[in-house]
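All remarks here apply to the structure that follows.
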Amino acid sequence: MLHRHRGSSPTTSAIGCALLLLAACSSSGGGGGNTGGAKGGQGGTGVTGSGGSSVTGSGGASVTGSGGASVTGSGGASVTGSGGASVTGSGGASVTGSGGASVTGSGGTSRGTGGVAGTTGAGGQVGGTTGRGGQAGGTATGGQAAGATGSGGQVVGTGGGSGGAGVGGQTAVGGQAGQTSGSGGSQTGGATGVDGGSASNCVGKAWPTADPTVAGPFTVAADKGVGPLAGYTPDPIYGDTQQRFNVYRPSNLATSGYCHPILVWANGHGDNPEQNPPLCVVNSATNQWCGTYPVIINQLASQGFVVVASLSTTTSRGNPLPTITGLDWLLQQAEDSTSPYYHHLDTTHIGALGHSEGGMSTCIAAADPRIIAIGTISGTSTITSLHGPALFICGGKDTTVPCDGVQTAYSSVTSQPAMFMDNLASDHGGWEYQNGAKGPDIFAMTAWFRVHLMDDTANRKYFYGTSCTLCTDSRVTVQRNSLMTQ
């Protein structure tokens with residue numbers, strides 16, 4: 001399978017040098033991004049970061065994704081990754097913060113008939129999505145643009161008037177005030193919501209520790225082509241046809257006894273979580289590399305995570321991002337009694353991760369306060385707001401998104417625990433073929449989200465403390481900020 005990461009042609013080398021010169025700017029100035037172009041030389045859309053490495057459309061060279069050869073772009077428009085990008089929940093009005101991204105997520109969702117969404121809570125936070133027959137959320141200025149009602153409650157009205165905002169609680173049916181339980185709401189069983197996240201209605205057992213280097217104990221089921229249509233068009237693979245989502249999850253979700261954390265996956269440019277014929281296929285003979293992520297996604301789902309993955313192949317574009325649309329939908333499903341996800345998801349523990357352009361998308365989505373941990377592989381952009389720990393991984397042999405740019409994004413994080421890891425033997429996509437779950441990138445991502453979304457304290461040894469396990473792993477070099485060395 002390593003044939004896709006062949007040596008560079010003169011054209012490839014020229015593009016790699018251009019990216020290398022720009023990479024150091026990826027996290028300075030306005031929004032920008034380091035992201036690979038289409039795998040195998042897909043032309044079309046160029047993704048340009050203002051201050052980061054650029055992948056140029058409009059007839060310019062489109063840099064390859066997972067290690068494929070560079071080719072000339074076919075004329076797609078150039079797009080600027082914006083560190084202050086507007087990430088808008090469905091149906092709600094934009095919320096203007098005092099300097100952060102404009103975000104309205106489903107934390108303030110109004111669901112039901114006649115309910116009024118968007119009750120204003122502390123600090124000017126406003127919910128966004130409109131329920132059936134309800135009014136749109138209002139606009140707040142001067143506060144953080146958080147996708148939540150009040151300080152973390154949701155409004156759920158059934159024929160009632162506007163629901164009052166509990167300080168961290170959930171408004172009951174009919175518009176009565178919900179119970180107050182701390183700042184951000186608390187999950188039954190002890191998990192606490194963060195920065196506007198709503199309380200989880202799932203009740204489950206505490207997660208035991210598990211080995212992140214092997215498949216987990218759960219058989220994986222895939223719910224394919226579900227949820228709403230979402231994503232920027234024209235799409236590099238699907239053209240003017242928007243796509244839905246795949247959800248990868250434990251097959252015994254209803255009977256496992258656990259509340260399963262959510263992971264939001266973002267594809268690299270021109271890629272999908274798995275092959276989706278006839279347009280999205282892996283075919284080395286025709287240099288097609290769409291559908292290359294089954295190993296990492298199935299590994300995470302086998303460990304107990306519910307992974308919602310957009311089928312968009314340009315995940316850093318659109319307002320809202322397709323990944324945020326998928327998260328909004330899944331959280332609605334968690335409260336829908338007819339859904340297989342009903343009260344089986346830990347909606348207070350949500351992470352996001354992605355590769356290449358998906359790493360750029362993840363950095364933008366990190367502004368959503370519902371996302372409390374992130375991880376990126378060979379792709380970043382300026383982070384305007386972060387609500388939890390961040391893991392940044394690069395490939396030491398990656399000429400598409402050089403490590404310097406990824407390291408710059410890591411260095412910009414000072415208020416949350418952050419780690420930078422250089423996978424010395426990997427190029428832009430080689431990490432996918434390094435001994436499966438035991439490969440540095442896949443095992444590190446598994447352990448990272450077990451620690452931060454499942455409270456698996458035994459796996460903290462890989463990252464935290466004076467002598468972390470990864471710190472002495474000869475396959476990688478790491479840097480950590482001071483919040484991880486204590």
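By convention here, the chains of the structure tokens are called A, B, ... in the order presented, each chain's residues are numbered starting at 1, and ligands are numbered starting at 1 in the order presented.
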**Request:** With a distance cut-off of 10 Å and only C-alpha atoms, select the neighbouring residues of Leu386 in chain A, excluding the residue or stretch itself and same-chain residues fewer than 4 positions from it, and output the selection as a ChimeraX atom specification.
**Result:** /A:363-369,371-374,390,413,415-416
Write out the residues from the selection above, keeping N, CA and C atoms, as a PDB file, in the first residue's frame.
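out_22.pdb written:
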ATOM      1  N   CYS A 363      -9.316  22.584  13.440  1.00  0.00           N
ATOM      2  CA  CYS A 363      -8.870  23.798  14.138  1.00  0.00           C
ATOM      3  C   CYS A 363      -9.933  24.890  14.099  1.00  0.00           C
ATOM      4  N   ILE A 364     -10.685  24.975  13.004  1.00  0.00           N
ATOM      5  CA  ILE A 364     -11.785  25.940  12.931  1.00  0.00           C
ATOM      6  C   ILE A 364     -12.916  25.515  13.868  1.00  0.00           C
ATOM      7  N   ALA A 365     -13.262  24.222  13.820  1.00  0.00           N
ATOM      8  CA  ALA A 365     -14.359  23.705  14.653  1.00  0.00           C
ATOM      9  C   ALA A 365     -14.044  23.802  16.134  1.00  0.00           C
ATOM     10  N   ALA A 366     -12.765  23.896  16.486  1.00  0.00           N
ATOM     11  CA  ALA A 366     -12.374  23.970  17.899  1.00  0.00           C
ATOM     12  C   ALA A 366     -12.967  25.178  18.601  1.00  0.00           C
ATOM     13  N   ALA A 367     -13.418  26.174  17.850  1.00  0.00           N
ATOM     14  CA  ALA A 367     -14.056  27.343  18.462  1.00  0.00           C
ATOM     15  C   ALA A 367     -15.414  27.000  19.060  1.00  0.00           C
ATOM     16  N   ASP A 368     -15.994  25.886  18.653  1.00  0.00           N
ATOM     17  CA  ASP A 368     -17.289  25.457  19.197  1.00  0.00           C
ATOM     18  C   ASP A 368     -17.083  24.963  20.624  1.00  0.00           C
ATOM     19  N   PRO A 369     -17.730  25.575  21.603  1.00  0.00           N
ATOM     20  CA  PRO A 369     -17.471  25.222  23.003  1.00  0.00           C
ATOM     21  C   PRO A 369     -17.912  23.822  23.391  1.00  0.00           C
ATOM     22  N   ILE A 371     -16.892  21.215  21.869  1.00  0.00           N
ATOM     23  CA  ILE A 371     -15.743  20.361  21.567  1.00  0.00           C
ATOM     24  C   ILE A 371     -14.660  20.617  22.606  1.00  0.00           C
ATOM     25  N   ILE A 372     -14.332  19.595  23.401  1.00  0.00           N
ATOM     26  CA  ILE A 372     -13.458  19.794  24.552  1.00  0.00           C
ATOM     27  C   ILE A 372     -12.094  19.131  24.402  1.00  0.00           C
ATOM     28  N   ALA A 373     -11.807  18.534  23.258  1.00  0.00           N
ATOM     29  CA  ALA A 373     -10.472  17.999  22.970  1.00  0.00           C
ATOM     30  C   ALA A 373     -10.351  17.851  21.461  1.00  0.00           C
ATOM     31  N   ILE A 374      -9.152  18.141  20.924  1.00  0.00           N
ATOM     32  CA  ILE A 374      -8.960  18.009  19.481  1.00  0.00           C
ATOM     33  C   ILE A 374      -7.649  17.292  19.188  1.00  0.00           C
ATOM     34  N   ALA A 390      -5.116  19.810  23.144  1.00  0.00           N
ATOM     35  CA  ALA A 390      -4.904  19.689  21.699  1.00  0.00           C
ATOM     36  C   ALA A 390      -3.644  18.883  21.415  1.00  0.00           C
ATOM     37  N   VAL A 413      -0.658  27.589  21.359  1.00  0.00           N
ATOM     38  CA  VAL A 413      -1.582  27.160  22.415  1.00  0.00           C
ATOM     39  C   VAL A 413      -0.881  27.250  23.763  1.00  0.00           C
ATOM     40  N   SER A 415      -3.023  28.285  26.756  1.00  0.00           N
ATOM     41  CA  SER A 415      -4.036  28.258  27.818  1.00  0.00           C
ATOM     42  C   SER A 415      -4.626  26.872  28.042  1.00  0.00           C
ATOM     43  N   GLN A 416      -4.291  25.902  27.186  1.00  0.00           N
ATOM     44  CA  GLN A 416      -4.756  24.529  27.314  1.00  0.00           C
ATOM     45  C   GLN A 416      -3.563  23.589  27.156  1.00  0.00           C
TER      46      GLN A 416
END
**Message:** Can you pull out every residue from range 176-389 of chain A that DSSP, working from the backbone, puts in helix (DSSP H, G or I), and format the result as number ranges by chain?
**Reply:** A: 284-286, 294-302, 322-333, 357-365
Would you export the selected residues with N, CA and C atoms as a short mmCIF file (atom, residue, chain, number, x, y, z; two decimals), in the first residue's frame, please?
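Saved as selection_12.cif:
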data_model
loop_
_atom_site.label_atom_id
_atom_site.label_comp_id
_atom_site.auth_asym_id
_atom_site.auth_seq_id
_atom_site.Cartn_x
_atom_site.Cartn_y
_atom_site.Cartn_z
N SER A 284 -5.07 2.51 -7.33
CA SER A 284 -3.72 2.99 -7.61
C SER A 284 -3.46 3.14 -9.10
N ALA A 285 -4.13 2.30 -9.91
CA ALA A 285 -3.91 2.36 -11.36
C ALA A 285 -4.36 3.70 -11.95
N THR A 286 -5.40 4.27 -11.36
CA THR A 286 -5.91 5.55 -11.85
C THR A 286 -5.57 6.70 -10.89
N PRO A 294 -10.43 3.91 6.93
CA PRO A 294 -11.12 2.89 7.74
C PRO A 294 -10.35 2.45 8.97
N VAL A 295 -9.02 2.39 8.90
CA VAL A 295 -8.26 1.85 10.02
C VAL A 295 -8.42 2.72 11.27
N ILE A 296 -8.20 4.03 11.13
CA ILE A 296 -8.28 4.88 12.32
C ILE A 296 -9.73 5.00 12.82
N ILE A 297 -10.68 5.10 11.90
CA ILE A 297 -12.07 5.28 12.32
C ILE A 297 -12.61 4.03 13.00
N ASN A 298 -12.32 2.86 12.45
CA ASN A 298 -12.79 1.62 13.08
C ASN A 298 -12.08 1.36 14.40
N GLN A 299 -10.82 1.75 14.50
CA GLN A 299 -10.12 1.62 15.77
C GLN A 299 -10.81 2.45 16.85
N LEU A 300 -11.15 3.68 16.54
CA LEU A 300 -11.79 4.54 17.53
C LEU A 300 -13.17 4.02 17.92
N ALA A 301 -13.95 3.57 16.95
CA ALA A 301 -15.28 3.04 17.24
C ALA A 301 -15.18 1.76 18.07
N SER A 302 -14.18 0.93 17.80
CA SER A 302 -14.03 -0.31 18.57
C SER A 302 -13.68 -0.04 20.03
N PRO A 322 -19.41 21.27 7.44
CA PRO A 322 -20.20 20.04 7.42
C PRO A 322 -20.05 19.22 8.70
N THR A 323 -18.89 19.28 9.32
CA THR A 323 -18.70 18.53 10.56
C THR A 323 -19.59 19.06 11.68
N ILE A 324 -19.76 20.36 11.74
CA ILE A 324 -20.62 20.95 12.77
C ILE A 324 -22.09 20.60 12.50
N THR A 325 -22.48 20.59 11.23
CA THR A 325 -23.84 20.16 10.89
C THR A 325 -24.07 18.72 11.36
N GLY A 326 -23.09 17.86 11.16
CA GLY A 326 -23.22 16.48 11.62
C GLY A 326 -23.32 16.37 13.12
N LEU A 327 -22.54 17.17 13.84
CA LEU A 327 -22.61 17.16 15.30
C LEU A 327 -23.97 17.64 15.77
N ASP A 328 -24.47 18.72 15.19
CA ASP A 328 -25.80 19.22 15.55
C ASP A 328 -26.85 18.12 15.41
N TRP A 329 -26.80 17.43 14.28
CA TRP A 329 -27.79 16.38 14.01
C TRP A 329 -27.67 15.23 15.02
N LEU A 330 -26.44 14.81 15.31
CA LEU A 330 -26.26 13.69 16.23
C LEU A 330 -26.74 14.03 17.64
N LEU A 331 -26.51 15.26 18.07
CA LEU A 331 -26.99 15.68 19.38
C LEU A 331 -28.52 15.71 19.43
N GLN A 332 -29.14 16.08 18.33
CA GLN A 332 -30.61 16.02 18.26
C GLN A 332 -31.08 14.57 18.35
N GLN A 333 -30.36 13.67 17.69
CA GLN A 333 -30.71 12.26 17.73
C GLN A 333 -30.60 11.69 19.15
N GLU A 357 -6.59 18.59 5.13
CA GLU A 357 -7.61 19.63 5.18
C GLU A 357 -8.55 19.40 6.36
N GLY A 358 -8.73 18.14 6.74
CA GLY A 358 -9.54 17.84 7.93
C GLY A 358 -8.92 18.35 9.21
N GLY A 359 -7.58 18.46 9.26
CA GLY A 359 -6.93 19.09 10.41
C GLY A 359 -7.23 20.57 10.45
N MET A 360 -7.23 21.20 9.28
CA MET A 360 -7.61 22.61 9.20
C MET A 360 -9.05 22.80 9.66
N SER A 361 -9.94 21.93 9.19
CA SER A 361 -11.34 21.98 9.60
C SER A 361 -11.48 21.83 11.11
N THR A 362 -10.71 20.91 11.67
CA THR A 362 -10.76 20.66 13.12
C THR A 362 -10.34 21.89 13.91
N CYS A 363 -9.32 22.58 13.44
CA CYS A 363 -8.87 23.80 14.14
C CYS A 363 -9.93 24.89 14.10
N ILE A 364 -10.69 24.97 13.00
CA ILE A 364 -11.78 25.94 12.93
C ILE A 364 -12.92 25.52 13.87
N ALA A 365 -13.26 24.22 13.82
CA ALA A 365 -14.36 23.71 14.65
C ALA A 365 -14.04 23.80 16.13
#
**Request:** Give me, please, the distance in Å between CA of Ala254 in chain A and CA of Trp448 in chain A, quoted to one decimal.
**Result:** 25.2 Å
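Using only C-alpha atoms, the shortest contact distance between Gly465 in chain A and any of A:Pro417, A:Gly354, A:Pro440, A:Gly216 is found at A:Pro417.
CA of Asp223 in chain A is positioned 5.6 Å from CA of Asn246 in chain A.
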**Request:** Choose the residue, out of A:Leu345, A:Val247, A:Cys403, A:Leu263, that has the smallest atom-to-atom separation from Phe449 in chain A; count only C-alpha atoms.
**Result:** A:Leu263
**Prompt:** With only C-alpha atoms as the atoms that count, which of A:Asn267, A:Ile262, A:Asp427, A:Val214 lies nearest to Thr400 in chain A?
**Reply:** A:Asp427
**Request:** Select, from A:Val203, A:Cys259, A:Leu279, A:Ala215, the residue with the minimum atom-to-atom distance to Ala437 in chain A, counting only C-alpha atoms.
**Result:** A:Ala215
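Taking CA of Cys394 in chain A as the reference point, CA of Asp441 in chain A is found at 8.9 Å.
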**Prompt:** Near Ser251 in chain A, within 8 Å and counting only C-alpha atoms, which residues show up once chain neighbours fewer than 5 positions away are dropped, as a PyMOL selection string?
**Reply:** chain A and resi 218-221
